[in-house]
file model-v4.txt (compact mmCIF, C-alpha atoms)
# COMPACT_ATOMS: atom_id res chain seq x y z
CA MET L 340 96.46 83.14 78.82
CA THR L 341 99.82 84.93 78.60
CA TYR L 342 99.97 88.27 80.33
CA THR L 343 100.04 91.40 78.17
CA LEU L 344 101.92 94.31 79.72
CA PHE L 345 101.49 97.83 78.32
CA ILE L 346 104.47 100.05 79.12
CA GLY L 347 105.95 103.45 78.30
CA ASN L 348 109.42 104.33 77.07
CA LYS L 349 112.12 102.22 78.68
CA ARG L 350 114.27 105.34 78.70
CA TYR L 351 111.90 107.19 81.04
CA SER L 352 109.15 105.04 82.58
CA SER L 353 110.15 103.94 86.07
CA TRP L 354 106.67 102.65 86.90
CA SER L 355 106.63 100.48 83.77
CA MET L 356 110.08 99.17 84.65
CA ARG L 357 108.99 97.60 87.93
CA PRO L 358 106.52 94.90 86.82
CA TRP L 359 108.46 94.33 83.58
CA VAL L 360 111.64 93.54 85.54
CA LEU L 361 109.69 91.27 87.91
CA LEU L 362 108.22 89.23 85.06
CA ARG L 363 111.61 88.91 83.36
CA ALA L 364 113.45 88.05 86.58
CA LEU L 365 110.97 85.27 87.40
CA ASN L 366 110.93 83.99 83.79
CA ILE L 367 107.18 84.52 83.48
CA PRO L 368 106.06 84.75 79.83
CA PHE L 369 104.31 87.94 78.73
CA ASP L 370 103.65 90.03 75.66
CA GLU L 371 105.10 93.53 75.75
CA LYS L 372 103.21 96.47 74.26
CA LEU L 373 105.53 99.47 74.12
CA ASN L 374 103.92 102.90 73.78
CA PHE L 375 106.06 106.01 73.41
CA PHE L 376 105.19 109.12 75.40
CA LYS L 377 104.22 112.23 73.52
CA PRO L 378 105.69 115.57 74.71
CA THR L 379 102.55 116.45 76.65
CA ALA L 380 101.55 116.20 80.32
CA ARG L 381 98.79 113.68 79.55
CA GLN L 382 98.74 110.75 77.16
CA PRO L 383 95.18 110.49 75.81
CA ASP L 384 96.13 107.68 73.42
CA PHE L 385 96.86 105.48 76.45
CA LEU L 386 93.15 105.52 77.35
CA ALA L 387 92.68 102.96 74.58
CA PHE L 388 94.21 100.31 76.85
CA SER L 389 94.50 101.85 80.34
CA PRO L 390 91.57 103.03 82.50
CA THR L 391 93.71 105.85 83.89
CA GLY L 392 95.51 106.73 80.69
CA LYS L 393 98.77 105.80 82.42
CA VAL L 394 101.30 102.98 82.22
CA PRO L 395 101.89 100.27 83.17
CA CYS L 396 98.71 98.29 82.61
CA LEU L 397 98.43 94.51 82.67
CA TYR L 398 95.89 92.34 80.86
CA ASP L 399 95.49 88.86 82.33
CA SER L 400 92.42 87.95 80.28
CA ASP L 401 89.65 89.67 78.39
CA ASP L 402 88.02 90.72 81.65
CA ILE L 403 90.96 91.12 84.06
CA VAL L 404 92.77 94.43 83.70
CA VAL L 405 95.19 95.61 86.39
CA TRP L 406 96.75 99.05 86.52
CA ASP L 407 99.32 100.55 88.91
CA SER L 408 102.74 98.95 89.33
CA LEU L 409 102.29 97.54 92.81
CA ALA L 410 98.80 96.22 92.06
CA ILE L 411 100.21 94.47 88.99
CA CYS L 412 102.99 92.91 91.05
CA GLU L 413 100.52 91.72 93.68
CA HIS L 414 98.32 90.23 90.96
CA ILE L 415 101.29 88.38 89.50
CA ALA L 416 102.08 87.01 92.97
CA GLU L 417 98.63 85.38 93.16
CA LYS L 418 99.65 82.95 90.42
CA HIS L 419 103.38 83.04 91.16
CA PRO L 420 103.81 83.09 94.96
CA ASN L 421 107.60 83.12 94.64
CA ALA L 422 107.22 86.78 93.71
CA TRP L 423 107.26 87.33 97.49
CA PRO L 424 109.64 85.67 99.96
CA ILE L 425 108.47 82.36 101.36
CA ASP L 426 109.53 83.22 104.91
CA GLN L 427 106.82 85.20 106.71
CA ARG L 428 109.21 87.67 108.36
CA ALA L 429 110.99 88.33 105.09
CA ARG L 430 107.66 88.63 103.27
CA ALA L 431 106.39 91.21 105.75
CA PHE L 432 109.57 93.24 105.34
CA ALA L 433 109.48 92.96 101.54
CA ARG L 434 105.84 94.07 101.40
CA SER L 435 106.56 97.05 103.61
CA ALA L 436 109.63 98.03 101.60
CA ALA L 437 107.73 97.75 98.32
CA ALA L 438 104.86 99.84 99.66
CA GLU L 439 107.29 102.45 100.98
CA MET L 440 108.81 102.81 97.52
CA HIS L 441 105.35 103.03 96.01
CA SER L 442 104.17 105.85 98.27
CA GLY L 443 107.36 107.50 99.50
CA PHE L 444 110.67 109.01 98.43
CA PRO L 445 109.18 112.14 96.80
CA ALA L 446 112.46 114.00 96.43
CA ILE L 447 114.17 111.41 94.27
CA ARG L 448 111.08 111.26 92.04
CA ASN L 449 110.95 115.03 91.65
CA GLU L 450 114.66 115.74 91.38
CA CYS L 451 116.03 112.60 89.70
CA SER L 452 113.59 111.27 87.11
CA LEU L 453 114.48 108.01 85.41
CA ASN L 454 116.64 108.40 82.33
CA VAL L 455 118.69 105.32 81.49
CA ALA L 456 120.72 107.08 78.77
CA LEU L 457 122.01 110.27 80.37
CA ARG L 458 124.87 110.69 82.83
CA PHE L 459 124.99 113.92 84.83
CA GLU L 460 127.77 115.55 86.78
CA PRO L 461 127.08 114.72 90.44
CA THR L 462 125.84 117.57 92.61
CA THR L 463 125.47 117.95 96.38
CA PRO L 464 122.01 116.67 97.38
CA GLY L 465 119.63 119.14 98.94
CA GLU L 466 117.98 118.47 102.29
CA ASP L 467 114.98 116.60 100.88
CA LEU L 468 116.99 114.38 98.55
CA GLN L 469 119.53 113.64 101.28
CA ARG L 470 116.66 112.53 103.51
CA ASP L 471 115.61 110.01 100.86
CA ILE L 472 119.21 108.82 100.44
CA ASN L 473 119.55 108.36 104.21
CA ARG L 474 116.40 106.27 104.24
CA PHE L 475 117.69 104.09 101.39
CA ASN L 476 120.85 103.48 103.41
CA GLU L 477 118.82 102.44 106.45
CA LEU L 478 116.29 100.31 104.58
CA PHE L 479 118.75 98.41 102.42
CA ALA L 480 121.14 97.78 105.31
CA GLU L 481 118.26 96.47 107.44
CA GLY L 482 117.05 94.04 104.79
CA LEU L 483 120.51 92.77 103.95
CA ASN L 484 121.46 92.33 107.61
CA LYS L 485 118.22 90.62 108.63
CA PHE L 486 117.86 88.23 105.73
CA GLY L 487 121.42 87.69 104.54
CA GLY L 488 121.17 89.02 100.98
CA PRO L 489 122.11 89.17 98.25
CA TRP L 490 118.65 90.61 97.60
CA LEU L 491 116.65 92.91 99.79
CA ALA L 492 114.68 90.20 101.58
CA GLY L 493 116.98 87.21 101.24
CA LYS L 494 118.45 84.91 98.63
CA ASP L 495 115.72 85.29 96.02
CA PHE L 496 114.82 88.24 93.79
CA THR L 497 111.29 89.41 94.66
CA ILE L 498 108.83 92.24 94.16
CA ALA L 499 110.78 94.34 96.66
CA ASP L 500 113.85 94.28 94.42
CA ALA L 501 111.81 95.03 91.31
CA MET L 502 110.32 98.07 93.03
CA TYR L 503 113.80 99.49 93.70
CA ALA L 504 115.26 98.67 90.26
CA PRO L 505 114.67 102.24 88.97
CA ILE L 506 116.59 103.57 91.97
CA ALA L 507 119.60 101.52 90.87
CA SER L 508 119.43 103.19 87.45
CA ARG L 509 118.93 106.65 88.95
CA ARG L 510 121.98 106.16 91.17
CA GLN L 511 124.06 105.63 88.05
CA THR L 512 122.45 108.46 86.06
CA TYR L 513 122.91 111.13 88.73
CA GLY L 514 126.04 109.85 90.46
CA ILE L 515 124.23 109.37 93.78
CA LYS L 516 126.41 107.92 96.55
CA LEU L 517 125.08 105.57 99.19
CA GLU L 518 126.84 103.86 102.08
CA GLY L 519 128.67 100.50 101.84
CA PRO L 520 126.08 97.69 101.77
CA ALA L 521 123.36 99.93 100.30
CA GLN L 522 125.63 101.07 97.48
CA GLU L 523 126.71 97.49 96.79
CA TYR L 524 123.10 96.34 96.74
CA LEU L 525 122.12 98.93 94.11
CA GLU L 526 125.17 98.06 92.01
CA ARG L 527 124.19 94.39 92.19
CA LEU L 528 120.60 95.24 91.34
CA LEU L 529 121.67 97.27 88.31
CA GLU L 530 123.67 94.28 87.02
CA HIS L 531 120.74 91.86 87.32
CA PRO L 532 120.05 90.46 83.81
CA ALA L 533 116.44 91.66 83.81
CA VAL L 534 117.44 95.19 84.81
CA GLN L 535 120.24 95.24 82.26
CA GLU L 536 117.88 94.07 79.53
CA TRP L 537 115.53 96.96 80.29
CA VAL L 538 118.39 99.48 80.30
CA GLN L 539 119.88 98.21 77.06
CA ASP L 540 116.46 98.28 75.39
CA GLY L 541 116.07 101.86 76.57
CA LEU L 542 119.38 102.84 75.03
CA LYS L 543 118.23 101.50 71.66
CA GLU L 544 114.88 103.31 71.64
CA ALA L 545 114.23 105.74 68.82
CA GLY L 546 111.56 107.59 70.78
CA ARG L 547 112.98 110.58 72.67
CA ASP L 548 111.25 113.39 74.48
CA PRO L 549 113.37 116.57 74.74
CA ILE L 550 111.04 117.96 77.41
CA ARG L 551 111.56 114.91 79.64
CA ASP L 552 115.31 115.04 79.06
CA GLU L 553 115.33 118.70 80.14
CA GLU L 554 113.24 117.89 83.23
CA CYS L 555 115.86 115.30 84.19
CA ALA L 556 118.68 117.78 83.78
CA GLN L 557 117.28 120.55 86.02
CA GLY L 558 120.38 122.62 85.22
CA ARG L 559 122.85 119.79 85.73
CA LYS L 560 125.76 119.33 83.35
CA VAL L 561 125.33 116.36 81.02
CA LEU L 562 128.51 114.30 80.99
CA GLU L 563 127.35 111.66 78.53
CA ASP L 564 124.37 110.77 76.35
CA LEU L 565 124.56 107.06 75.60
CA ASN L 566 122.00 107.34 72.82
CA GLN L 567 124.36 109.44 70.74

call {"tool": "encode", "arguments": {"input": "model-v4.txt", "output": "structure tokens"}}
result
Amino acid sequence: MTYTLFIGNKRYSSWSMRPWVLLRALNIPFDEKLNFFKPTARQPDFLAFSPTGKVPCLYDSDDIVVWDSLAICEHIAEKHPNAWPIDQRARAFARSAAAEMHSGFPAIRNECSLNVALRFEPTTPGEDLQRDINRFNELFAEGLNKFGGPWLAGKDFTIADAMYAPIASRRQTYGIKLEGPAQEYLERLLEHPAVQEWVQDGLKEAGRDPIRDEECAQGRKVLEDLNQ
């Protein structure tokens, strides 16, 4: 059975982006079910397909339903082991990096929500956001140095890279600056065909949420709206 992946707006949904990019990058067939957010905190319509009322949600068969981005990626890896690095050391690093993205980096989530269409005037990061940026610099440099790149855990694109794909888009949206190899890694990640496909789809979406756009701005000056 082909996977069915339920996702939210490609303009806004960073959690949906992660398993979608993984499936595309690995050329794994799936059916996409796009559901636009309504301008409310909760999405009760999503309960029709998701136990939590959140996206993403993956259907593998009539009786296998997987929710949560990292759980979906792990489930995909059961049938497609190349979703993780083959080398044990690289796999351990990739798993740790993916889990750190899943549970950490609260400042960039709170201050720099995903928005593939807007470009903001860069501002000086506060203490919390700078802490996240410093950790990105350390983490990406470690992976690239240990495993030789071009991807985070070696020569192949894996779950670890998919988990950080929204960070590549956020870097562009908010003008975030990283150090040498880390900056180059995110630029390379943004140009990956699967990531670019997601971004370009997001730019074409008719569904917009003014509340989410305002939450992204947080008083920043909008330099460009690529949907206009």

call {"tool": "residues_around", "arguments": {"input": "model-v4.txt", "residues": "segment 451-461 of chain L", "least_positions_apart": "6", "cutoff": "10 Å", "atoms": "only C-alpha atoms", "output": "PDB file with C-alpha atoms, in the coordinates of the input"}}
result
ATOM      1  CA  ASN L 348     109.420 104.330  77.070  1.00  0.00           C
ATOM      2  CA  LYS L 349     112.120 102.220  78.680  1.00  0.00           C
ATOM      3  CA  ARG L 350     114.270 105.340  78.700  1.00  0.00           C
ATOM      4  CA  TYR L 351     111.900 107.190  81.040  1.00  0.00           C
ATOM      5  CA  SER L 352     109.150 105.040  82.580  1.00  0.00           C
ATOM      6  CA  SER L 353     110.150 103.940  86.070  1.00  0.00           C
ATOM      7  CA  TRP L 354     106.670 102.650  86.900  1.00  0.00           C
ATOM      8  CA  MET L 356     110.080  99.170  84.650  1.00  0.00           C
ATOM      9  CA  PRO L 445     109.180 112.140  96.800  1.00  0.00           C
ATOM     10  CA  LEU L 468     116.990 114.380  98.550  1.00  0.00           C
ATOM     11  CA  PRO L 505     114.670 102.240  88.970  1.00  0.00           C
ATOM     12  CA  ILE L 506     116.590 103.570  91.970  1.00  0.00           C
ATOM     13  CA  ALA L 507     119.600 101.520  90.870  1.00  0.00           C
ATOM     14  CA  SER L 508     119.430 103.190  87.450  1.00  0.00           C
ATOM     15  CA  ARG L 509     118.930 106.650  88.950  1.00  0.00           C
ATOM     16  CA  ARG L 510     121.980 106.160  91.170  1.00  0.00           C
ATOM     17  CA  GLN L 511     124.060 105.630  88.050  1.00  0.00           C
ATOM     18  CA  THR L 512     122.450 108.460  86.060  1.00  0.00           C
ATOM     19  CA  TYR L 513     122.910 111.130  88.730  1.00  0.00           C
ATOM     20  CA  GLY L 514     126.040 109.850  90.460  1.00  0.00           C
ATOM     21  CA  ILE L 515     124.230 109.370  93.780  1.00  0.00           C
ATOM     22  CA  LYS L 516     126.410 107.920  96.550  1.00  0.00           C
ATOM     23  CA  TRP L 537     115.530  96.960  80.290  1.00  0.00           C
ATOM     24  CA  VAL L 538     118.390  99.480  80.300  1.00  0.00           C
ATOM     25  CA  GLN L 539     119.880  98.210  77.060  1.00  0.00           C
ATOM     26  CA  ASP L 540     116.460  98.280  75.390  1.00  0.00           C
ATOM     27  CA  GLY L 541     116.070 101.860  76.570  1.00  0.00           C
ATOM     28  CA  LEU L 542     119.380 102.840  75.030  1.00  0.00           C
ATOM     29  CA  LYS L 543     118.230 101.500  71.660  1.00  0.00           C
ATOM     30  CA  GLU L 544     114.880 103.310  71.640  1.00  0.00           C
ATOM     31  CA  ARG L 551     111.560 114.910  79.640  1.00  0.00           C
ATOM     32  CA  ASP L 552     115.310 115.040  79.060  1.00  0.00           C
ATOM     33  CA  GLU L 554     113.240 117.890  83.230  1.00  0.00           C
ATOM     34  CA  CYS L 555     115.860 115.300  84.190  1.00  0.00           C
ATOM     35  CA  ALA L 556     118.680 117.780  83.780  1.00  0.00           C
ATOM     36  CA  GLN L 557     117.280 120.550  86.020  1.00  0.00           C
ATOM     37  CA  GLY L 558     120.380 122.620  85.220  1.00  0.00           C
ATOM     38  CA  ARG L 559     122.850 119.790  85.730  1.00  0.00           C
ATOM     39  CA  LYS L 560     125.760 119.330  83.350  1.00  0.00           C
ATOM     40  CA  VAL L 561     125.330 116.360  81.020  1.00  0.00           C
ATOM     41  CA  LEU L 562     128.510 114.300  80.990  1.00  0.00           C
ATOM     42  CA  GLU L 563     127.350 111.660  78.530  1.00  0.00           C
ATOM     43  CA  ASP L 564     124.370 110.770  76.350  1.00  0.00           C
ATOM     44  CA  LEU L 565     124.560 107.060  75.600  1.00  0.00           C
ATOM     45  CA  ASN L 566     122.000 107.340  72.820  1.00  0.00           C
ATOM     46  CA  GLN L 567     124.360 109.440  70.740  1.00  0.00           C
TER      47      GLN L 567
END

call {"tool": "atom_distance", "arguments": {"input": "model-v4.txt", "atom1": "atom CA of Ala437 of chain L", "atom2": "atom CA of Tyr503 of chain L"}}
result
7.8 Å

call {"tool": "closest_residue", "arguments": {"input": "model-v4.txt", "among": "L:Arg527, L:Lys494, L:Arg357, L:Lys372", "to": "Asp426 of chain L", "atoms": "only C-alpha atoms"}}
result
L:Lys494

call {"tool": "atom_distance", "arguments": {"input": "model-v4.txt", "atom1": "atom CA of Glu371 of chain L", "atom2": "atom CA of Pro358 of chain L"}}
result
11.2 Å

call {"tool": "closest_residue", "arguments": {"input": "model-v4.txt", "among": "L:Thr462, L:Ala545, L:Phe432, L:Arg474", "to": "Gly493 of chain L", "atoms": "all atoms listed in the file"}}
result
L:Phe432

call {"tool": "decode", "arguments": {"input": "model-v4.txt", "residues": "segment 410-425 of chain L", "atoms": "N, CA and C atoms", "output": "compact mmCIF listing (two decimals), in the first residue's frame"}}
result
# COMPACT_ATOMS: atom_id res chain seq x y z
N ALA L 410 8.21 10.16 14.71
CA ALA L 410 7.65 8.81 14.68
C ALA L 410 7.38 8.37 13.25
N ILE L 411 6.88 9.28 12.43
CA ILE L 411 6.63 8.96 11.02
C ILE L 411 7.94 8.62 10.32
N CYS L 412 8.96 9.42 10.55
CA CYS L 412 10.26 9.16 9.92
C CYS L 412 10.83 7.81 10.36
N GLU L 413 10.71 7.50 11.63
CA GLU L 413 11.19 6.21 12.13
C GLU L 413 10.40 5.06 11.50
N HIS L 414 9.11 5.25 11.33
CA HIS L 414 8.29 4.21 10.71
C HIS L 414 8.71 4.00 9.26
N ILE L 415 8.95 5.08 8.55
CA ILE L 415 9.42 4.97 7.17
C ILE L 415 10.74 4.19 7.11
N ALA L 416 11.61 4.44 8.09
CA ALA L 416 12.92 3.79 8.10
C ALA L 416 12.81 2.28 8.30
N GLU L 417 11.72 1.79 8.88
CA GLU L 417 11.56 0.34 9.04
C GLU L 417 11.49 -0.37 7.69
N LYS L 418 10.85 0.27 6.72
CA LYS L 418 10.76 -0.32 5.38
C LYS L 418 11.85 0.20 4.45
N HIS L 419 12.42 1.33 4.80
CA HIS L 419 13.44 1.97 3.96
C HIS L 419 14.65 2.31 4.84
N PRO L 420 15.48 1.33 5.15
CA PRO L 420 16.58 1.56 6.10
C PRO L 420 17.57 2.61 5.68
N ASN L 421 17.60 2.96 4.39
CA ASN L 421 18.50 4.03 3.95
C ASN L 421 18.04 5.41 4.43
N ALA L 422 16.92 5.46 5.13
CA ALA L 422 16.51 6.72 5.74
C ALA L 422 17.45 7.14 6.86
N TRP L 423 18.17 6.17 7.42
CA TRP L 423 19.25 6.45 8.38
C TRP L 423 20.58 6.07 7.75
N PRO L 424 21.69 6.65 8.21
CA PRO L 424 23.00 6.24 7.68
C PRO L 424 23.28 4.76 7.93
N ILE L 425 24.01 4.15 7.03
CA ILE L 425 24.37 2.74 7.20
C ILE L 425 25.40 2.57 8.29
